[in-house]
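A.B. asks: Here's a structure for you.
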Amino acid sequence: MNPYQEKETYMSLRIAMCLATLAVAGCGTRSFVTTTSNGTFVVTGSSAHLSRGAEEKARLVENANDYCKRRDKSAVVVASSENDAKPGNLAAPGTLARATVEFRCQ
């Protein structure tokens with residue numbers, strides 16, 4: 001293979017890796033609201049679009065409010081936790097922004 005073909009192959013590989021990274025970066029999850037044994041509810045979520053766990057927590061609090069509104073009640077947050085996203089590289093993947101909200105409908 002001549003040097004020009006090697007360089008072209010290398011660039012094609014880099015472009016393919018970038019596109020794959022962008023496709024995966026769109027990932028994010030949000031769990032269904034689940035009931036705990038003490039009568040509260042829990043919802044968890046993660047996002048590749050957000051870098052701060054506090055932003056993901058705010059989204060989950062909105063979900064909790066929507067859940068309770070459907071029952072003609074308001075959400076009251078009992079406990080919450082959040083973790084910020086950490087960048088990764090090819091050798092070690094990063095982490096997504098994550099949050100958990102425990103709430104009660106009143």
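FYI, nothing fancy with the structure tokens labels: chains A, B, ... in order, residues from 1 per chain, ligands from 1 as they appear.
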Which residues, written as a compact mmCIF listing (two decimals) with N, CA and C atoms, in the first residue's frame, have at least one atom at most 10 Å from Ser74 of chain A, with only C-alpha atoms counted and residues fewer than 4 positions away on the same chain left out?
C.D. replies:
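The result, stored in around20.txt:
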```txt
# COMPACT_ATOMS: atom_id res chain seq x y z
N ALA A 64 -41.49 13.49 38.36
CA ALA A 64 -42.21 13.18 39.60
C ALA A 64 -43.46 14.05 39.73
N ASN A 65 -43.32 15.34 39.42
CA ASN A 65 -44.47 16.24 39.46
C ASN A 65 -45.55 15.80 38.48
N ASP A 66 -45.16 15.43 37.27
CA ASP A 66 -46.12 14.96 36.27
C ASP A 66 -46.84 13.70 36.76
N TYR A 67 -46.08 12.81 37.36
CA TYR A 67 -46.64 11.55 37.88
C TYR A 67 -47.70 11.84 38.94
N CYS A 68 -47.39 12.74 39.86
CA CYS A 68 -48.33 13.06 40.93
C CYS A 68 -49.51 13.88 40.42
N LYS A 69 -49.29 14.76 39.45
CA LYS A 69 -50.40 15.55 38.89
C LYS A 69 -51.47 14.66 38.28
N ARG A 70 -51.05 13.55 37.68
CA ARG A 70 -52.02 12.61 37.10
C ARG A 70 -52.89 11.99 38.18
N PHE A 103 -39.62 10.34 46.01
CA PHE A 103 -40.65 11.34 46.28
C PHE A 103 -41.93 10.68 46.79
N ARG A 104 -42.80 11.53 47.30
CA ARG A 104 -44.10 11.13 47.80
C ARG A 104 -45.13 12.04 47.13
N CYS A 105 -46.30 11.50 46.80
CA CYS A 105 -47.39 12.32 46.25
C CYS A 105 -48.31 12.72 47.40
N GLN A 106 -48.53 14.04 47.54
CA GLN A 106 -49.39 14.55 48.60
C GLN A 106 -50.43 15.49 48.02
```
A.B. asks: With only C-alpha atoms as the counted atoms, please give the residues lying no more than 6 Å from segment 77-87 of chain A, apart from itself and same-chain residues fewer than 6 positions off, as a ChimeraX atom specification.
C.D. replies: /A:51-53,94-103
A.B. asks: Please identify which residues in segment 16-99 of chain A DSSP calls alpha helix (DSSP H) from the backbone, and express them as an mmCIF file with N, CA and C atoms, in the first residue's frame.
C.D. replies:
```
data_model
loop_
_atom_site.group_PDB
_atom_site.id
_atom_site.type_symbol
_atom_site.label_atom_id
_atom_site.label_comp_id
_atom_site.auth_asym_id
_atom_site.auth_seq_id
_atom_site.Cartn_x
_atom_site.Cartn_y
_atom_site.Cartn_z
ATOM 1 N N ALA A 16 -15.030 7.294 10.919
ATOM 2 C CA ALA A 16 -15.960 6.265 11.380
ATOM 3 C C ALA A 16 -16.032 6.229 12.903
ATOM 4 N N MET A 17 -14.893 6.377 13.568
ATOM 5 C CA MET A 17 -14.875 6.380 15.036
ATOM 6 C C MET A 17 -15.616 7.599 15.578
ATOM 7 N N CYS A 18 -15.446 8.742 14.958
ATOM 8 C CA CYS A 18 -16.141 9.959 15.389
ATOM 9 C C CYS A 18 -17.654 9.804 15.241
ATOM 10 N N LEU A 19 -18.093 9.236 14.129
ATOM 11 C CA LEU A 19 -19.521 9.037 13.914
ATOM 12 C C LEU A 19 -20.102 8.050 14.927
ATOM 13 N N ALA A 20 -19.363 7.000 15.232
ATOM 14 C CA ALA A 20 -19.822 6.030 16.232
ATOM 15 C C ALA A 20 -19.933 6.691 17.601
ATOM 16 N N THR A 21 -18.975 7.541 17.939
ATOM 17 C CA THR A 21 -19.004 8.245 19.219
ATOM 18 C C THR A 21 -20.220 9.155 19.300
ATOM 19 N N LEU A 22 -20.515 9.868 18.224
ATOM 20 C CA LEU A 22 -21.689 10.746 18.212
ATOM 21 C C LEU A 22 -22.984 9.952 18.353
ATOM 22 N N ALA A 23 -23.038 8.791 17.739
ATOM 23 C CA ALA A 23 -24.240 7.965 17.842
ATOM 24 C C ALA A 23 -24.461 7.499 19.273
ATOM 25 N N VAL A 24 -23.405 7.100 19.944
ATOM 26 C CA VAL A 24 -23.510 6.636 21.325
ATOM 27 C C VAL A 24 -23.769 7.806 22.265
ATOM 28 N N ALA A 25 -23.253 8.980 21.941
ATOM 29 C CA ALA A 25 -23.418 10.146 22.812
ATOM 30 C C ALA A 25 -24.877 10.551 22.945
ATOM 31 N N GLY A 53 -25.153 16.322 37.047
ATOM 32 C CA GLY A 53 -26.194 15.485 37.633
ATOM 33 C C GLY A 53 -27.367 16.304 38.141
ATOM 34 N N ALA A 54 -27.111 17.557 38.551
ATOM 35 C CA ALA A 54 -28.185 18.422 39.042
ATOM 36 C C ALA A 54 -29.204 18.708 37.940
ATOM 37 N N GLU A 55 -28.750 18.831 36.699
ATOM 38 C CA GLU A 55 -29.669 19.047 35.585
ATOM 39 C C GLU A 55 -30.541 17.817 35.359
ATOM 40 N N GLU A 56 -29.946 16.650 35.460
ATOM 41 C CA GLU A 56 -30.712 15.412 35.307
ATOM 42 C C GLU A 56 -31.698 15.282 36.462
ATOM 43 N N LYS A 57 -31.278 15.660 37.672
ATOM 44 C CA LYS A 57 -32.178 15.600 38.829
ATOM 45 C C LYS A 57 -33.375 16.528 38.613
ATOM 46 N N ALA A 58 -33.149 17.704 38.060
ATOM 47 C CA ALA A 58 -34.252 18.638 37.792
ATOM 48 C C ALA A 58 -35.264 18.020 36.823
ATOM 49 N N ARG A 59 -34.775 17.308 35.818
ATOM 50 C CA ARG A 59 -35.677 16.625 34.885
ATOM 51 C C ARG A 59 -36.497 15.559 35.600
ATOM 52 N N LEU A 60 -35.853 14.843 36.501
ATOM 53 C CA LEU A 60 -36.552 13.784 37.221
ATOM 54 C C LEU A 60 -37.597 14.356 38.175
ATOM 55 N N VAL A 61 -37.316 15.501 38.779
ATOM 56 C CA VAL A 61 -38.300 16.147 39.651
ATOM 57 C C VAL A 61 -39.523 16.554 38.817
ATOM 58 N N GLU A 62 -39.295 17.022 37.599
ATOM 59 C CA GLU A 62 -40.415 17.327 36.698
ATOM 60 C C GLU A 62 -41.226 16.065 36.407
ATOM 61 N N ASN A 63 -40.537 14.953 36.179
ATOM 62 C CA ASN A 63 -41.236 13.676 35.955
ATOM 63 C C ASN A 63 -42.059 13.293 37.173
ATOM 64 N N ALA A 64 -41.493 13.490 38.364
ATOM 65 C CA ALA A 64 -42.214 13.179 39.602
ATOM 66 C C ALA A 64 -43.458 14.053 39.729
ATOM 67 N N ASN A 65 -43.321 15.340 39.415
ATOM 68 C CA ASN A 65 -44.471 16.242 39.461
ATOM 69 C C ASN A 65 -45.552 15.800 38.484
ATOM 70 N N ASP A 66 -45.158 15.432 37.271
ATOM 71 C CA ASP A 66 -46.121 14.962 36.275
ATOM 72 C C ASP A 66 -46.841 13.701 36.756
ATOM 73 N N TYR A 67 -46.078 12.806 37.356
ATOM 74 C CA TYR A 67 -46.638 11.554 37.875
ATOM 75 C C TYR A 67 -47.705 11.842 38.937
ATOM 76 N N CYS A 68 -47.387 12.736 39.856
ATOM 77 C CA CYS A 68 -48.329 13.059 40.927
ATOM 78 C C CYS A 68 -49.515 13.876 40.415
ATOM 79 N N LYS A 69 -49.295 14.756 39.451
ATOM 80 C CA LYS A 69 -50.396 15.550 38.887
ATOM 81 C C LYS A 69 -51.467 14.656 38.284
#
```
A.B. asks: Mind pulling up the distance from atom CA of Thr35 of chain A to atom CA of Ala75 of chain A?
C.D. replies: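 So the answer is 13.6 Å.
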A.B. asks: What does the distance from atom CA of Thr34 of chain A to atom CA of Asp72 of chain A come to in Å, to one decimal?
C.D. replies: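 For atom CA of Thr34 of chain A relative to atom CA of Asp72 of chain A, the distance reads 18.1 Å.
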A.B. asks: Please measure the separation of atom CA of Arg71 of chain A and atom CA of Ser46 of chain A, giving the value in Å to one decimal.
C.D. replies: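 Between atom CA of Arg71 of chain A and atom CA of Ser46 of chain A the gap works out to 25.6 Å.
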